[in-house]
Each structure stands twice: as structure tokens, then as C-alpha cells.
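Peer 1: Sending over a structure as C-alpha cells; questions will come in a sec.
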Amino acid sequence: MKFPPVEEQMAVIERGIVDLVDRQALQARLELSRTEGRPLRVKFGIDPSSPDIHLGHTVPLRKLRDFQRLGHRVIVLWGTATAMVGDPSGRNKTRPALTREQVEQNKQTYRAQVGAVLDIANIEERENGEWFLRQSFMDCIALASRYTVARMLERDDFQKRYKERQPIAVHEFLYPLLQGWDSVELCCDIEIGGSDQLFNLLVGRDLQAQSNQTPQICLTMPLLEGLDGSQKMSKSLNNSIGVAESASQQFGKLMKVPNELLAKYFLLLTDTPTAVVEPLVQNPLEAKFALAAAIVTGFHGNDAAMAARAEYDRVHQRGGLPDELPEWSPNQDTRRTADGRVALPTGIAAAGLAPSTSDARRLIQGSGVRVDGVVCTDVNAAFGQGTYVVQVGKTRAARWIIRD
RNA sequence: GGGCGGAUUCCAGAGCGGCCAAAUGGACCAGACUGUAAAUCUGGUGGCUCAGCCUUCGCAGGUUCGAAUCCUGCUCCGCCCA
């Protein structure tokens, strides 16, 4: 196995990172790996606790890919056991517990999505259920005895919650120990995580040292803010861009990234060199197009990215229609007016363009609804036999086919 | 085990007998503007057969002409003492 010179490796590794504990040890270990021809074992734990991966998750995954390209051994550790405990990092609430079935299901969908970033044929996949699901309660006690309450409470998340009188369940104290123990089981050289993971990663060092292993190097990546520009990207906050979303969805959402965040998105989600990014960001619109194209190409290929761009131009810059226009026709349950026509609010709700008739009415009154391209503000409008294109806002539209 | 405090619409958080579908902020949606689905500004955000009607303020009862607001019990949660 041939590895690039340490200097070169360091440059790749350090791009975009937050913490590195510690830098000298990393250099030394890279040196050693080079002389011995031994790849370093780089672990990344994923708790399959929600069904989808978004761009925020891809930040550490991309760093793993860097390691993979440098020739090192990437270990993806599925937290099948830890997902059932729930990581307290960055949380102000206890996570809901998951069943084994949910975890297994999530893992399957995750796996496919991880493959969009990593060369999945070339990684080591493990599950911490391998050891934790077999251990006894006494093993758990033994593990718990390795750390003190005071040290746990040092942790920012816990301190905050404690001060704010939020509940902290006892099992949440166990989480960092489980994660740290994984590193012992896997003999990790390096562990990667989000910057909120630093505490957990450091616990791994302590446990490794106690087990006579060389403590792992801890490397953290920034947390990616979501489209709202302030909170961490998260599906439940509805500010995320999913890996599995369509090209046009991704493209559109990327155009929504706040201007201030552009440079960060480039740094963490693309390979574009900083020297190119800096001048580019001066023109936010162009930068956004470039960003969206780069990311969408990565997940869907060049053609899909071009098509998404073309659709964006048409829909948003010229007020045109999206590529895919769903069709809708009334059925027996659809309420009709006295003369047998379909009232506009009723139809909008029935066609799924708005959550309720009341909401549809408001949209109509707020001139957010167009029929065949013409704004309609008449709440009492109704349509008989024919075909109509009904648009709600810029992105929601349907072709109504009313046969009678 | 004892004492105290709390549960409000998507979230946070006002309201403490009628003026409450419920302040304010966030989030979200729509509109204007900008070759940005950014920023800024404006409007909206329980449902409906919609100038009216119906259902919401932890759950179940009760007092009252009238309750998110008062009383009783229950459930869940936080804090303090042991």
C-alpha cells in the first residue's frame, strides 16, 4: 500500500475541520502508517435513528471519503444498539426510544444513501449490536464504573439541561460510554464526528487508554446550518435537503440557501478550492447556481443537474410550469356546487395543493392562486367540464381534468 | 416518603370569569421587490356547505347565564427536603 506524503495527507484531512485532537499524534501516526504500509482505521458511527440522510450528514461522510481516497480503512459503525439509547448530544430533550425493527429498517435506507458519498464496496461495516446486544447487565455496570458523574456533568448539553430544569434520564449518561467502547472494540486510530460529538469522541480516548490501546485521534466537522440559516440541518426542523430527493427538489432548495452561508456550503459540500470560492461568492446568484449544480451533479449526474437548472429558470424566473404536472380529477366524494361544478377552494384542497379548503380560500384571497396563468381572487369561482391548470404559489400546480 | 410549582394552538410563551380561535416571537405559507425559492417589506396561519356555524387551551367531572381562566379527582413533568 502506497500513501501520499504526510504533508499532502494533512492538507486534505484538515480542510473544513473544527477540532483535531491532537494534530501531532495524527502526523506521527500517518508517518508510521506510511512506513509500515498499514492503512489507518477511521471510524464513523451512524445511529439509524431517522429514516433519511440529508446534506448535514454528508459533511463527515465526505471527510471519510477523503480518507478513503488517501488509502485508509473506513469503518462505518451502525449504532444498532446506541440508536436505542439515543444520543443526548446537542439535545434539550431525551430522544424517543426506537425499536429494533425501526432501527433495522432505517439502517437499510441509510445504507443506500451513504453509498451516494462513499465507495460502499470498499468500507468495513460493523454494528455495535455485535457486542452490546450480547452483554449482560453486569457488563453495563462495569462500563459505567469507568467514568464519574462529575465528568459527565461537565458536559455542556447536560449542564444546560440541568440548569434549565429539563429532564435527563440516567441512561443518557451511558451513551458516551457506549460510543467510546465501540472504539475499543474496533481498535480505532481515528474517529470522526460532528463538532457536537467532541465529548463522546474524547470518552473513547479514555476508554482506549484504560484498555491499553493508543488513544484514537478525534476529528470533528462543523455542523451544517439548514436552510433557515441558523439551526442545525435537521429533517424535523424542516430545513434540510435530503440525499434521496429529486434533482429539481435539491436544486430549488439549494437556491434557497441564505447568501451568508454560501461559502460554508461550498467548503463542506463540494471539492471546489477555496481560491475559486472566494471570488465566486461575491456574486451570490452565480455562486448559488454553481453550488446547486455541483451538489446535484454529485447525487444525480450532470444531465439531471442541467435539467434542474433549466426547470428552475423556467419556473422561477419566467413564472412557467414545473416539468411534472400532476393530474387531478374530481371523484364522487368531491363536493360540487348546485349546478354541478367544482368550487375552486374545494378542488385545491382535494387535489392536494393546500391542506384544507379554509387554507385554499386564504390563498385565493391573498392572490396566490392562478388558473390557466391568470390570478384568481374569487373565492366563489367554480369550474365545470374542461381542463384547467391550477397553480398555487410558484411550485405547486396541477392539471385539472373535469369530465363531468 | 414529605413540600412546592407547572401542563395553552407547529414550537416558545402571554392570557387568570365574558372584549379569546386566544397577545408576542420563531417557524411555515402567499404577495411585492431583486436575472437569488437570499435579504427586505406586506398579508396570512383550527375546521367548514364561510359576513354564519362547529371544534380547541393535559384528562374526567362540577360551579356559573357564561370557563383557557374558579372547584374536585386523575395523568404526566420539573424543583426542593429525606
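Note on naming: chains are A, B, ... as they come in the C-alpha cells, residues start from 1 per chain, ligands start from 1 in the order shown.
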Give the strand (DSSP E or B) residues of stretch 83-327 of chain A, as DSSP finds them on the backbone, and put them as a ChimeraX atom specification.
Peer 2: /A:124-127,190-194,217-221,225,232,242,327
Peer 1: Which residues come within 9 Å of A:Ser183, counting only C-alpha atoms (C1' of nucleotides), excluding same-chain residues fewer than 2 positions away, as a list in words?
Peer 2: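 Everything that qualifies: Lys43, Gln179, Gly180, Trp181, Glu185, Leu186, Cys187, Cys188, Asp189, Ile190, Glu191, Leu201, Gly204, Arg205, Leu207, Gln208 and Gln216 of chain A.
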Peer 1: At most 8 Å is the cut-off: for each residue in chain B with any atom that close to an atom of chain A, write down the nearest atom pair and the distance in Å rounded to one decimal, counting only C-alpha atoms (C1' of nucleotides), chain first then increasing number, as a Markdown table.
Peer 2:
| residue | atom | partner | partner_atom | distance |
| --- | --- | --- | --- | --- |
| B:A30 | C1' | A:Gly368 | CA | 5.4 |
| B:G31 | C1' | A:Gly366 | CA | 6.8 |
| B:G35 | C1' | A:Gln317 | CA | 7.0 |
| B:U36 | C1' | A:Leu285 | CA | 5.1 |
| B:A37 | C1' | A:Lys256 | CA | 5.1 |
| B:A38 | C1' | A:Pro258 | CA | 4.6 |
| B:G43 | C1' | A:Gly366 | CA | 7.2 |
| B:G44 | C1' | A:Arg362 | CA | 7.1 |
| B:G47 | C1' | A:Ser358 | CA | 7.4 |
| B:C48 | C1' | A:Ser358 | CA | 7.7 |
| B:G78 | C1' | A:Arg165 | CA | 6.1 |
| B:C79 | C1' | A:Arg165 | CA | 7.7 |
Peer 1: In Å, how far is it from atom CA of A:Thr35 to atom CA of A:Phe67?
Peer 2: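 Going from atom CA of A:Thr35 over to atom CA of A:Phe67, I get 17.3 Å.
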Peer 1: Quick check, in Å to one decimal: how far apart do atom CA of A:Leu77 and atom CA of A:Leu143 lie?
Peer 2: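 If I compute the distance from atom CA of A:Leu77 to atom CA of A:Leu143, I get 19.5 Å.
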Peer 1: For A:Met221, which residue out of A:Ser195, A:Asn239, A:Asn331, A:Ser246 is the nearest one, using only C-alpha atoms?
Peer 2: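 Nearest candidate to A:Met221 out of A:Ser195, A:Asn239, A:Asn331, A:Ser246: A:Ser195.
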Peer 1: From the list A:Asp378, A:Asp404, A:Asp323, A:Glu101, which residue is nearest A:Ala343 when using only C-alpha atoms?
Peer 2: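 Among the listed residues, the smallest separation from A:Ala343 belongs to A:Asp378.
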Peer 1: Counting only C-alpha atoms, figure out which residue out of A:Val374, A:Val21, A:Val76, A:Ala338 gets nearest to A:Glu124.
Peer 2: A:Val76
Peer 1: At a cut-off of 10 Å, using only C-alpha atoms (C1' of nucleotides), what residues contact A:Leu61? Leave out same-chain residues fewer than 4 positions from it and give the result as a list in words.
Peer 2: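 That gives Phe44, Leu55, Gly56, His57, Arg65, Asp66, Phe67, Val76, Val114, Gly115, Ala116, Val117, Leu118, Ile192, Gly193, Met221 and Leu269 of chain A.
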Peer 1: List the spatial neighbours of A:Gln385 as number ranges by chain - criterion: any atom at most 9 Å away, only C-alpha atoms (C1' of nucleotides), same-chain residues fewer than 5 positions off excluded.
Peer 2: A: 341, 401-404
Peer 1: By how many Å are atom CA of A:Tyr388 and atom CA of A:Trp400 apart?
Peer 2: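 We find that atom CA of A:Tyr388 and atom CA of A:Trp400 lie 5.0 Å from each other.
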Peer 1: Please, which residues of stretch 77-290 of chain A, numbered as in this document, come out helix (DSSP H, G or I) from DSSP, as a PyMOL selection string?
Peer 2: chain A and resi 82-84+100-114+120-122+129-132+137-144+149-154+156-163+170-186+195-210+235-237+247-254+259-269+274-280+284-290
Peer 1: Out of A:Leu40, A:Val103, A:Ala305, A:Val243, which residue has the shortest atom-to-atom distance to A:Gly71 when counting only C-alpha atoms?
Peer 2: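 So, comparing all the options, the nearest one is A:Leu40.
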Peer 1: Would you list the contacts of B:A23 as a PyMOL selection string, taking every protein, DNA or RNA residue within 12 Å and counting only C-alpha atoms (C1' of nucleotides), but skipping same-chain residues closer than 3 positions in sequence?
Peer 2: chain B and resi 13-15+20
Peer 1: Limited to C-alpha atoms (C1' of nucleotides), could you put the picked residues into a file as a tab-separated table (two decimals), in the first residue's frame?
Peer 2:
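Listing of selection_24.tsv after writing:
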chain	number	residue	atom	x	y	z
B	13	G	C1'	-44.68	31.84	25.52
B	14	A	C1'	-48.87	35.66	27.19
B	15	G	C1'	-53.76	35.21	28.96
B	20	C	C1'	-60.47	34.64	23.20
